[in-house]
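K.L.:
Sending over start34.csv (CSV, C-alpha atoms).
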```
chain,number,residue,atom,x,y,z
B,229,MET,CA,-33.1,35.9,30.9
B,230,LYS,CA,-32.8,34.5,27.4
B,231,ARG,CA,-30.3,31.8,26.9
B,232,VAL,CA,-27.8,31.4,24.0
B,233,LEU,CA,-25.8,28.3,23.3
B,234,ILE,CA,-22.5,29.0,21.5
B,235,ILE,CA,-21.1,25.9,19.7
B,236,GLU,CA,-17.5,27.0,18.9
B,237,ASP,CA,-14.2,25.2,19.3
B,238,ASP,CA,-12.0,28.3,19.3
B,239,SER,CA,-11.8,29.5,22.9
B,240,LEU,CA,-10.9,33.1,21.8
B,241,MET,CA,-14.0,33.4,19.5
B,242,SER,CA,-16.3,32.0,22.2
B,243,LYS,CA,-14.9,34.3,24.8
B,244,VAL,CA,-15.1,37.5,22.7
B,245,PHE,CA,-18.6,36.6,21.5
B,246,GLY,CA,-19.7,35.2,24.9
B,247,ASP,CA,-18.6,38.4,26.7
B,248,ALA,CA,-20.5,40.5,24.2
B,249,LEU,CA,-23.7,38.5,24.7
B,250,SER,CA,-23.4,38.5,28.5
B,251,LYS,CA,-23.0,42.3,28.4
B,252,ALA,CA,-26.1,42.5,26.3
B,253,GLY,CA,-28.0,40.6,29.0
B,254,TYR,CA,-28.0,37.0,27.7
B,255,SER,CA,-27.2,33.9,29.7
B,256,VAL,CA,-24.4,32.1,27.7
B,257,THR,CA,-23.3,28.5,27.5
B,258,VAL,CA,-20.4,27.4,25.4
B,259,THR,CA,-19.7,23.9,24.0
B,260,ALA,CA,-16.6,23.2,22.0
B,261,ASP,CA,-17.5,20.3,19.7
B,262,ALA,CA,-20.4,18.9,17.7
B,263,TYR,CA,-21.2,16.1,20.1
B,264,GLN,CA,-21.4,18.3,23.2
B,265,GLY,CA,-23.3,20.9,21.1
B,266,GLN,CA,-26.0,18.4,20.2
B,267,HIS,CA,-26.3,17.2,23.7
B,268,ALA,CA,-26.5,20.7,25.2
B,269,ALA,CA,-29.1,21.8,22.6
B,270,VAL,CA,-31.3,18.9,23.6
B,271,SER,CA,-30.8,19.2,27.4
B,272,MET,CA,-30.9,23.0,27.6
B,273,LYS,CA,-33.3,23.9,24.9
B,274,PRO,CA,-31.7,27.3,24.5
B,275,ASP,CA,-33.5,30.3,23.1
B,276,LEU,CA,-31.0,30.6,20.3
B,277,ILE,CA,-27.9,28.7,19.0
B,278,THR,CA,-24.8,30.1,17.3
B,279,LEU,CA,-23.0,27.4,15.4
B,280,ASP,CA,-19.5,27.2,13.9
B,281,LEU,CA,-19.2,24.9,11.0
B,282,MET,CA,-15.8,23.4,11.5
B,283,LEU,CA,-15.9,21.5,14.8
B,284,PRO,CA,-14.2,18.5,16.4
B,285,ALA,CA,-16.1,15.4,17.1
B,286,GLY,CA,-18.4,15.9,14.1
B,287,ASN,CA,-19.3,18.4,11.5
B,288,GLY,CA,-21.2,21.6,11.8
B,289,ILE,CA,-23.4,21.0,8.8
B,290,ASP,CA,-24.4,17.6,10.0
B,291,LEU,CA,-25.2,19.0,13.4
B,292,LEU,CA,-27.4,21.7,11.8
B,293,ARG,CA,-29.3,19.0,9.9
B,294,ASN,CA,-29.7,17.0,13.1
B,295,LEU,CA,-30.9,20.0,15.1
B,296,HIS,CA,-33.5,20.6,12.3
B,297,ALA,CA,-34.6,17.0,12.2
B,298,SER,CA,-35.2,16.6,15.9
B,299,PHE,CA,-38.5,17.7,17.3
B,300,GLN,CA,-36.7,18.6,20.5
B,301,THR,CA,-34.6,21.3,18.8
B,302,GLN,CA,-36.1,22.1,15.4
B,303,SER,CA,-37.8,25.3,16.7
B,304,ILE,CA,-34.6,26.8,18.1
B,305,PRO,CA,-33.3,29.6,15.9
B,306,ILE,CA,-29.8,29.1,14.7
B,307,ILE,CA,-27.1,31.6,13.5
B,308,VAL,CA,-24.1,30.2,11.7
B,309,ILE,CA,-20.8,32.0,12.3
B,310,THR,CA,-17.9,30.7,10.2
B,311,SER,CA,-14.7,31.6,8.4
B,312,TYR,CA,-15.5,28.9,5.8
B,313,LYS,CA,-16.0,31.0,2.7
B,314,ASP,CA,-17.4,28.6,0.1
B,315,ASP,CA,-20.5,29.6,-1.9
B,316,GLU,CA,-21.7,26.0,-2.2
B,317,VAL,CA,-21.5,25.5,1.6
B,318,ARG,CA,-23.4,28.7,2.2
B,319,LYS,CA,-26.1,27.6,-0.3
B,320,GLU,CA,-26.3,24.3,1.4
B,321,ILE,CA,-26.6,25.9,4.9
B,322,GLU,CA,-29.3,28.3,3.7
B,323,GLU,CA,-31.3,25.4,2.1
B,324,ILE,CA,-31.2,23.6,5.4
B,325,GLY,CA,-32.4,26.8,7.0
B,326,VAL,CA,-30.8,29.3,9.4
B,327,GLN,CA,-31.9,32.6,10.8
B,328,GLY,CA,-28.6,34.3,10.3
B,329,PHE,CA,-25.2,33.7,8.6
B,330,PHE,CA,-22.0,35.6,9.5
B,331,TYR,CA,-18.5,35.3,8.3
B,332,LYS,CA,-15.5,35.6,10.6
B,333,PRO,CA,-13.9,38.0,11.5
B,334,PHE,CA,-17.3,39.2,12.8
B,335,ASN,CA,-18.5,42.5,14.2
B,336,THR,CA,-19.9,41.6,17.6
B,337,ASP,CA,-22.3,44.5,17.5
B,338,GLU,CA,-23.9,43.3,14.3
B,339,ILE,CA,-24.4,39.8,15.6
B,340,VAL,CA,-25.8,40.9,18.9
B,341,ALA,CA,-28.2,43.2,17.0
B,342,LYS,CA,-29.3,40.3,14.9
B,343,ILE,CA,-29.8,38.1,18.0
B,344,LYS,CA,-31.9,40.8,19.6
B,345,THR,CA,-34.1,41.1,16.6
B,346,ILE,CA,-34.6,37.3,16.5
B,347,LEU,CA,-35.3,36.9,20.2
B,348,ASN,CA,-37.3,40.1,20.8
K,214,MET,CA,-17.5,47.4,18.5
K,215,THR,CA,-15.8,45.3,21.2
K,216,ASP,CA,-12.4,46.4,22.4
K,217,LEU,CA,-10.2,43.5,21.5
K,218,LYS,CA,-7.0,44.7,23.2
K,219,LYS,CA,-8.0,42.9,26.4
K,220,TYR,CA,-8.1,39.6,24.6
K,221,GLU,CA,-4.5,39.8,23.2
K,222,SER,CA,-3.0,37.7,26.0
K,223,HIS,CA,-5.8,35.0,25.6
K,224,PHE,CA,-5.2,35.0,21.8
K,225,PHE,CA,-1.5,34.7,22.2
K,226,LYS,CA,-1.7,31.7,24.6
K,227,ASN,CA,-4.5,30.1,22.5
K,228,THR,CA,-2.4,30.5,19.3
K,229,GLN,CA,0.6,29.0,20.9
K,230,ASN,CA,-1.5,26.0,22.0
K,231,LEU,CA,-2.8,25.6,18.5
K,232,PHE,CA,0.7,25.7,17.0
K,233,SER,CA,2.0,23.3,19.6
K,234,LYS,CA,-0.8,20.8,18.4
K,235,LEU,CA,0.0,21.5,14.8
K,236,HIS,CA,3.7,20.8,15.4
K,237,GLU,CA,2.8,17.4,16.9
K,238,TYR,CA,0.6,16.6,14.0
K,239,ILE,CA,3.4,17.6,11.5
K,240,LYS,CA,5.8,15.3,13.3
K,241,THR,CA,3.2,12.4,13.1
K,242,LEU,CA,2.7,13.1,9.4
K,243,SER,CA,6.4,13.1,8.7
K,244,LYS,CA,6.4,9.4,9.4
K,245,ASN,CA,3.4,8.7,7.2
K,246,THR,CA,1.7,11.5,5.1
K,247,ASN,CA,-1.3,9.4,4.4
K,248,GLN,CA,-3.0,9.7,7.8
K,249,LYS,CA,-6.3,11.3,6.8
K,250,THR,CA,-7.5,12.0,10.4
K,251,VAL,CA,-4.2,13.8,11.2
K,252,LEU,CA,-4.5,15.8,7.9
K,253,GLU,CA,-8.1,16.8,8.9
K,254,ASP,CA,-6.8,17.8,12.4
K,255,CYS,CA,-4.2,20.0,10.7
K,256,HIS,CA,-6.9,21.5,8.4
K,257,ARG,CA,-9.2,22.3,11.3
K,258,VAL,CA,-6.4,23.9,13.5
K,259,LEU,CA,-5.2,26.1,10.6
K,260,HIS,CA,-8.9,27.1,9.9
K,261,THR,CA,-9.2,28.1,13.6
K,262,ILE,CA,-5.9,30.0,13.5
K,263,LYS,CA,-7.0,31.8,10.4
K,264,GLY,CA,-10.3,33.0,11.9
K,265,SER,CA,-8.9,34.1,15.3
K,266,ALA,CA,-5.9,35.8,13.8
K,267,ALA,CA,-8.1,37.8,11.5
K,268,LEU,CA,-10.3,38.8,14.4
K,269,MET,CA,-7.3,40.1,16.3
K,270,GLY,CA,-5.9,42.0,13.4
K,271,CYS,CA,-2.9,39.6,12.8
K,272,GLU,CA,-3.3,39.7,9.0
K,273,ASN,CA,0.1,38.1,8.2
K,274,LEU,CA,-0.7,35.1,10.4
K,275,SER,CA,-4.3,34.8,9.1
K,276,HIS,CA,-3.2,34.9,5.5
K,277,PHE,CA,-0.5,32.3,6.1
K,278,ALA,CA,-3.0,30.0,7.9
K,279,GLU,CA,-5.4,30.5,5.0
K,280,GLN,CA,-2.8,29.4,2.5
K,281,MET,CA,-1.8,26.4,4.5
K,282,GLU,CA,-5.5,25.5,5.2
K,283,GLU,CA,-6.1,25.4,1.4
K,284,ASN,CA,-3.1,23.0,0.9
K,285,PHE,CA,-4.6,20.6,3.4
K,286,ARG,CA,-8.1,21.0,2.2
K,287,ASN,CA,-7.0,20.2,-1.4
K,288,SER,CA,-5.0,17.2,-0.2
K,289,ILE,CA,-8.0,15.8,1.7
K,290,LYS,CA,-10.5,16.5,-1.0
K,291,ASN,CA,-8.4,15.2,-3.9
K,292,ASP,CA,-6.6,12.5,-2.0
K,293,GLN,CA,-3.3,14.0,-3.0
K,294,LYS,CA,0.0,14.1,-1.0
K,295,ILE,CA,1.2,17.5,0.3
K,296,ASP,CA,4.6,18.5,-0.9
K,297,THR,CA,7.3,17.9,1.7
K,298,LEU,CA,8.4,21.5,1.3
K,299,ILE,CA,5.0,22.6,2.7
K,300,PHE,CA,5.5,20.4,5.7
K,301,LYS,CA,9.0,21.8,6.2
K,302,GLU,CA,7.8,25.4,5.9
K,303,LEU,CA,5.0,24.7,8.4
K,304,GLU,CA,7.3,23.1,10.9
K,305,LEU,CA,9.7,26.1,10.7
K,306,VAL,CA,6.7,28.5,11.3
K,307,CYS,CA,5.6,26.4,14.3
K,308,VAL,CA,9.0,26.7,15.8
K,309,GLU,CA,9.1,30.4,15.2
K,310,VAL,CA,5.6,31.0,16.7
K,311,LEU,CA,6.4,28.9,19.7
K,312,SER,CA,9.5,31.0,20.3
K,313,THR,CA,7.5,34.3,20.5
K,314,SER,CA,6.9,35.8,23.9
K,315,ASP,CA,3.9,38.0,23.5
K,316,PHE,CA,1.1,39.2,21.2
K,317,GLU,CA,3.2,41.9,19.5
K,318,SER,CA,6.1,39.6,18.7
K,319,LEU,CA,3.6,37.1,17.2
K,320,LYS,CA,1.8,39.7,15.2
K,321,ASN,CA,5.1,41.0,13.8
K,322,ILE,CA,6.3,37.7,12.4
K,323,ASN,CA,7.0,38.0,8.7
K,324,PHE,CA,5.6,34.8,7.2
K,325,LYS,CA,6.6,35.6,3.6
K,326,LYS,CA,10.2,34.4,3.3
```
Before we go any further, please render this structure as structure tokens.
P.N.:
Amino acid sequence: MKRVLIIEDDSLMSKVFGDALSKAGYSVTVTADAYQGQHAAVSMKPDLITLDLMLPAGNGIDLLRNLHASFQTQSIPIIVITSYKDDEVRKEIEEIGVQGFFYKPFNTDEIVAKIKTILN
Amino acid sequence: MTDLKKYESHFFKNTQNLFSKLHEYIKTLSKNTNQKTVLEDCHRVLHTIKGSAALMGCENLSHFAEQMEENFRNSIKNDQKIDTLIFKELELVCVEVLSTSDFESLKNINFKK
């Protein structure tokens, strides 16, 4: 079973999204801040990470850079899911490199379909 | 598309928790408005409320949170003080939200006064 790590501080978002991923057949782990997210990415080496940008105990963009910089996590595909609608931020994220980018409120079917495409 | 009705209770409790935190932050800021970490905490909580309210179709709440989020973002970015009227408005909204009893009463709050 493929494993997805959700890094998201809003428990409602992580529940809605986590339930949709579980229903689609993925094993889901949720962490609620940047520090725990980094730790879980290194220890779990999930098949895919979904990342919120505004997180406690850190910053989503810095976490994204760290995940890319570390040989332990740089090959893990990452999808950013955020309600932070700023063109400069989006450009910065895409320059760092992500496999998907979604704004909240999201359509769970679309994100699950994207994840299936990436992982299959 | 996911049926979101089953998450209404979770959203309601979660939002009440977030507004409870926000209320405490506002009280802290009323003593000293220059506490950057508390301003950032307010910004992040409002950002979270904005997103989850939009997901659950609570457009009034999401729009209100977005406006407030922008006030805090501008204050942090430009190192400017937030008008005391904004703090007062936010405090009143916190009290109103915390007095609601369920998802429907939360959704029906009129934030434009």
K.L.:
Please, which residues are within 10 Å of (2.9, 19.1, 9.6) by the file's coordinates, counting all atoms listed in the file, and could they come as an MDAnalysis selection string?
P.N.:
chainID K and resid 234:243 246 251:252 255 285 295 297 299:305 307
K.L.:
Residues within 12 Å of Gly288 (chain B), please, as number ranges by chain. Count all atoms listed in the file; anything in the same chain fewer than 3 positions from it doesn't count.
P.N.:
B: 235-237, 260-266, 278-285, 291-295, 306-310, 312, 317, 320-321
K.L.:
Mind pulling up the distance from CA of Lys230 (chain B) to CA of Gly253 (chain B)?
P.N.:
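Those two atoms sit 7.9 Å apart.
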K.L.:
With 9 Å as the limit and counting all atoms listed in the file, what residues in chain B lie close to chain K? Please list them as a list in words.
P.N.:
Asp237, Asp238, Ser239, Leu240, Met241, Lys243, Val244, Ala248, Met282, Leu283, Pro284, Thr310, Ser311, Tyr312, Lys332, Pro333, Phe334, Asn335, Thr336, Asp337 and Glu338 of chain B
K.L.:
So for region 275-292 of chain K, what box centre and size do we get, axis-aligned, 8 Å extra on each of the six sides, every listed atom, Å to one decimal, as lines of an AutoDock Vina configuration file?
P.N.:
```
center_x = -5.5
center_y = 23.7
center_z = 2.6
size_x = 26.0
size_y = 38.4
size_z = 29.0
```
K.L.:
Do a neighbour search on Tyr254 (chain B) at 8 Å with only C-alpha atoms, toss out local chain neighbours closer than 5 positions, and write the hits as number ranges by chain.
P.N.:
B: 229-232, 249
K.L.:
Quick one: residues within 8 Å of region 309-320 of chain K, all atoms listed in the file, excluding same-chain residues fewer than 5 positions away - as a list in words?
P.N.:
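So the residues in contact are Glu221, Ser222, Phe224, Phe225, Gln229, Phe232, Ser233, Cys271, Asn273 and Leu274 of chain K.
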K.L.:
Taking C-alpha atoms for each residue, export the selection above as a PDB file, in the coordinates of the input.
P.N.:
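New file result31.pdb:
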```pdb
ATOM      1  CA  GLU K 221      -4.500  39.800  23.200  1.00  0.00           C
ATOM      2  CA  SER K 222      -3.000  37.700  26.000  1.00  0.00           C
ATOM      3  CA  PHE K 224      -5.200  35.000  21.800  1.00  0.00           C
ATOM      4  CA  PHE K 225      -1.500  34.700  22.200  1.00  0.00           C
ATOM      5  CA  GLN K 229       0.600  29.000  20.900  1.00  0.00           C
ATOM      6  CA  PHE K 232       0.700  25.700  17.000  1.00  0.00           C
ATOM      7  CA  SER K 233       2.000  23.300  19.600  1.00  0.00           C
ATOM      8  CA  CYS K 271      -2.900  39.600  12.800  1.00  0.00           C
ATOM      9  CA  ASN K 273       0.100  38.100   8.200  1.00  0.00           C
ATOM     10  CA  LEU K 274      -0.700  35.100  10.400  1.00  0.00           C
TER      11      LEU K 274
END
```
K.L.:
What separation in Å, quoted to one decimal, exists between CA of Met272 (chain B) and CA of Thr257 (chain B)?
P.N.:
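Between CA of Met272 (chain B) and CA of Thr257 (chain B) the gap is 9.4 Å.
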K.L.:
Quick one: pull the distance between CA of Met281 (chain K) and CA of Lys249 (chain K), Å, one decimal.
P.N.:
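Atom-to-atom, CA of Met281 (chain K) and CA of Lys249 (chain K) are spaced 15.9 Å apart.
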K.L.:
Name the closest residue to Thr301 (chain B) among the candidates B:Ser271, B:Asn287, B:Thr259, B:Gln327; distances are taken between atoms, counting only C-alpha atoms.
P.N.:
B:Ser271
K.L.:
Measuring atom to atom with all atoms listed in the file, identify which of B:Val340, B:Ile234, B:Lys273, B:Phe245 is nearest to Val258 (chain B).
P.N.:
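Checking each candidate against Val258 (chain B), we get B:Ile234 as the closest.
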